[in-house]
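See below for the structure under consideration.
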Amino acid sequence: MSAYLTTTEADALAATLPAASLAAYLAATTAAKAAALELATIDIDSAMRYQGRRYDGTGEQVLEFPRYNGSGDTDGVATVWDWDATEEEAVIPLQVKLAVLFQADGILSGAVATRTSAGDRMIASESVGGMSQSYHAPATIMTSGGILLVTRAAELMKRYRLRSGSLL
């Protein structure tokens, strides 16, 4: 698998969200969507170091998700973070799929390509007499991995980011 979502899966997920939040994605051709989903997957996987290990310990798993904590919980059993009990298999988290979809929209809209750093903010207003400035929130966030993620994608991926320690 080269992307977390196929265009069919992404289109179905997009249909559950407000159309305005994915305008560029919804307006794109199927080929452009597929390319953006692959690039977004690369961005998500490269954005930061993630907690735990890849689920498939054989080295066959190319993408970062699904993941598990290799050390186990208090009883020494490894915990898979996203598990489908019906199918009895590890799954790619919905948050990751949503992050990829929002990142793909950002790629298609040009928001990701046009930003150069996290400190690249746009001035909303400026006052000279009181020496004050106010800024628009950035459309993208520079991650620790040096990857620009749209704000929605970065927020969705926060819970998986390695906070302390080292990779397992």
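In the structure tokens, chains take the letters A, B, ... in the order shown, each chain's residues start at 1, and ligands count up from 1 in the order shown.
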
With a distance cut-off of 10 Å and only C-alpha atoms, select the neighbouring residues of A:Phe102, excluding the residue or stretch itself and same-chain residues fewer than 4 positions from it, and output the selection as a short mmCIF file (atom, residue, chain, number, x, y, z; two decimals) with N, CA and C atoms, in the first residue's frame.
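Below you can see around33.cif, which holds the result:
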```
data_model
loop_
_atom_site.label_atom_id
_atom_site.label_comp_id
_atom_site.auth_asym_id
_atom_site.auth_seq_id
_atom_site.Cartn_x
_atom_site.Cartn_y
_atom_site.Cartn_z
N ALA A 14 -14.70 11.86 2.87
CA ALA A 14 -14.97 13.28 2.59
C ALA A 14 -16.47 13.56 2.59
N SER A 21 -14.75 22.26 3.94
CA SER A 21 -13.47 21.93 4.58
C SER A 21 -12.54 21.17 3.66
N LEU A 22 -13.04 20.70 2.52
CA LEU A 22 -12.23 19.92 1.57
C LEU A 22 -12.48 20.38 0.13
N ALA A 24 -10.76 21.91 -2.25
CA ALA A 24 -9.78 21.58 -3.30
C ALA A 24 -9.79 20.09 -3.61
N TYR A 25 -9.90 19.26 -2.58
CA TYR A 25 -9.94 17.82 -2.80
C TYR A 25 -11.18 17.44 -3.61
N LEU A 37 -3.13 12.09 -2.29
CA LEU A 37 -3.23 11.15 -1.17
C LEU A 37 -1.90 10.45 -0.92
N ALA A 40 0.38 13.09 0.61
CA ALA A 40 -0.07 13.36 1.98
C ALA A 40 0.35 12.23 2.91
N VAL A 96 -5.64 9.21 11.55
CA VAL A 96 -4.60 9.21 10.52
C VAL A 96 -5.23 9.37 9.14
N LYS A 97 -6.32 8.68 8.90
CA LYS A 97 -7.01 8.80 7.61
C LYS A 97 -7.51 10.23 7.39
N LEU A 98 -8.09 10.82 8.44
CA LEU A 98 -8.56 12.20 8.34
C LEU A 98 -7.39 13.16 8.10
N GLY A 106 -4.84 20.23 1.41
CA GLY A 106 -3.85 21.31 1.49
C GLY A 106 -2.87 21.28 0.34
N ILE A 107 -2.47 20.10 -0.07
CA ILE A 107 -1.57 19.95 -1.22
C ILE A 107 -2.26 20.43 -2.48
N LEU A 108 -3.50 20.00 -2.68
CA LEU A 108 -4.24 20.38 -3.89
C LEU A 108 -4.59 21.87 -3.93
N LEU A 149 2.61 20.47 7.67
CA LEU A 149 1.30 19.83 7.72
C LEU A 149 0.26 20.93 7.87
N VAL A 150 -0.87 20.75 7.20
CA VAL A 150 -1.96 21.70 7.44
C VAL A 150 -2.36 21.56 8.90
N THR A 151 -2.87 22.62 9.47
CA THR A 151 -3.16 22.66 10.89
C THR A 151 -4.05 21.52 11.34
N ARG A 152 -5.10 21.23 10.58
CA ARG A 152 -6.01 20.14 10.97
C ARG A 152 -5.28 18.80 11.02
N ALA A 153 -4.42 18.53 10.06
CA ALA A 153 -3.67 17.27 10.04
C ALA A 153 -2.72 17.21 11.23
N ALA A 154 -2.02 18.29 11.50
CA ALA A 154 -1.07 18.32 12.62
C ALA A 154 -1.79 18.08 13.95
N LEU A 156 -4.60 16.44 14.42
CA LEU A 156 -5.05 15.04 14.49
C LEU A 156 -3.90 14.08 14.82
#
```

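Shortest atom-to-atom contact with A:Thr30 among A:Ile92, A:Ala3, A:Leu17, A:Ala10: A:Ala10, counting only C-alpha atoms.
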